[in-house]
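Please read the structure below before turning to the comments.
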Amino acid sequence: MDESKPEPVKVVVYTVEEAAQVLKISRWKIFDLIRTNQLRSVKIGGLRRIPCTAIEEYIAQLLKEVA
């Protein structure tokens, strides 16, 4: 029998806590970045989520600032 493993799910959005772990900062800093429009986020129902593309854009902006 061929026991095919299901494809892993691609992460497209992070929770605030997950985004904080990815960036190695506090969840409060994530909320601060969202509040100051430095990090884009979306609401799904009542839940705040950060698209992985928003994290990539934030890092790219930080790199531009030091260049």
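Residues in the structure tokens are numbered from 1 in each chain, the chains being A, B, ... in the order shown, and ligands are numbered from 1 in the order shown.
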
**OP:** Fewer than 2 positions away in the same chain doesn't count, so skip those; otherwise give me all residues within 10 Å of stretch 32-41 of chain A, counting only C-alpha atoms, as a PyMOL selection string.
**Re:** chain A and resi 13-16+26-30+43-44+48-59+61-62

Could you take the residues named above and write them with C-alpha atoms, as a compact mmCIF listing (two decimals), in the first residue's frame?
```
# COMPACT_ATOMS: atom_id res chain seq x y z
CA VAL A 13 -0.60 34.22 8.04
CA TYR A 14 0.83 34.20 11.54
CA THR A 15 -0.75 34.89 14.89
CA VAL A 16 0.73 37.83 16.79
CA SER A 26 7.81 40.66 22.05
CA ARG A 27 4.14 40.44 21.17
CA TRP A 28 3.78 43.98 22.54
CA LYS A 29 6.33 45.19 20.00
CA ILE A 30 4.30 43.48 17.25
CA LYS A 43 -8.44 40.79 11.00
CA ILE A 44 -10.15 37.48 10.38
CA ARG A 48 -5.48 39.65 14.31
CA ARG A 49 -3.19 37.94 11.79
CA ILE A 50 0.05 39.01 10.14
CA PRO A 51 0.61 37.86 6.55
CA CYS A 52 4.03 36.32 5.95
CA THR A 53 4.45 38.82 3.10
CA ALA A 54 4.01 41.67 5.61
CA ILE A 55 6.91 40.31 7.66
CA GLU A 56 9.06 40.08 4.53
CA GLU A 57 8.14 43.68 3.59
CA TYR A 58 8.95 44.90 7.11
CA ILE A 59 12.39 43.27 7.00
CA GLN A 61 12.14 48.16 4.78
CA LEU A 62 14.54 47.77 7.72
```

When DSSP works through the backbone of this structure, what residues of chain A end up as alpha helix (DSSP H), shown as a PDB file with C-alpha atoms, in the first residue's frame?
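Wrote part.pdb, looks like this:
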```pdb
ATOM      1  CA  VAL A  16       0.728  37.830  16.794  1.00  0.00           C
ATOM      2  CA  GLU A  17       2.620  35.386  18.996  1.00  0.00           C
ATOM      3  CA  GLU A  18       4.005  33.460  15.998  1.00  0.00           C
ATOM      4  CA  ALA A  19       5.075  36.683  14.258  1.00  0.00           C
ATOM      5  CA  ALA A  20       6.831  37.745  17.454  1.00  0.00           C
ATOM      6  CA  GLN A  21       8.690  34.427  17.511  1.00  0.00           C
ATOM      7  CA  VAL A  22       9.675  34.780  13.841  1.00  0.00           C
ATOM      8  CA  LEU A  23      11.050  38.284  14.421  1.00  0.00           C
ATOM      9  CA  ARG A  27       4.138  40.440  21.171  1.00  0.00           C
ATOM     10  CA  TRP A  28       3.776  43.984  22.536  1.00  0.00           C
ATOM     11  CA  LYS A  29       6.328  45.195  19.996  1.00  0.00           C
ATOM     12  CA  ILE A  30       4.301  43.482  17.255  1.00  0.00           C
ATOM     13  CA  PHE A  31       1.203  45.399  18.372  1.00  0.00           C
ATOM     14  CA  ASP A  32       3.265  48.612  18.417  1.00  0.00           C
ATOM     15  CA  LEU A  33       4.491  47.990  14.859  1.00  0.00           C
ATOM     16  CA  ILE A  34       0.903  47.343  13.738  1.00  0.00           C
ATOM     17  CA  ARG A  35      -0.367  50.461  15.525  1.00  0.00           C
ATOM     18  CA  CYS A  52       4.030  36.321   5.952  1.00  0.00           C
ATOM     19  CA  THR A  53       4.450  38.818   3.095  1.00  0.00           C
ATOM     20  CA  ALA A  54       4.011  41.665   5.613  1.00  0.00           C
ATOM     21  CA  ILE A  55       6.908  40.315   7.663  1.00  0.00           C
ATOM     22  CA  GLU A  56       9.057  40.077   4.531  1.00  0.00           C
ATOM     23  CA  GLU A  57       8.141  43.678   3.593  1.00  0.00           C
ATOM     24  CA  TYR A  58       8.948  44.899   7.107  1.00  0.00           C
ATOM     25  CA  ILE A  59      12.390  43.267   6.996  1.00  0.00           C
ATOM     26  CA  ALA A  60      13.025  44.674   3.509  1.00  0.00           C
ATOM     27  CA  GLN A  61      12.145  48.161   4.782  1.00  0.00           C
ATOM     28  CA  LEU A  62      14.537  47.770   7.720  1.00  0.00           C
ATOM     29  CA  LEU A  63      17.302  46.742   5.294  1.00  0.00           C
ATOM     30  CA  LYS A  64      16.600  49.789   3.093  1.00  0.00           C
ATOM     31  CA  GLU A  65      16.920  52.080   6.088  1.00  0.00           C
ATOM     32  CA  VAL A  66      20.423  50.852   6.910  1.00  0.00           C
TER      33      VAL A  66
END
```
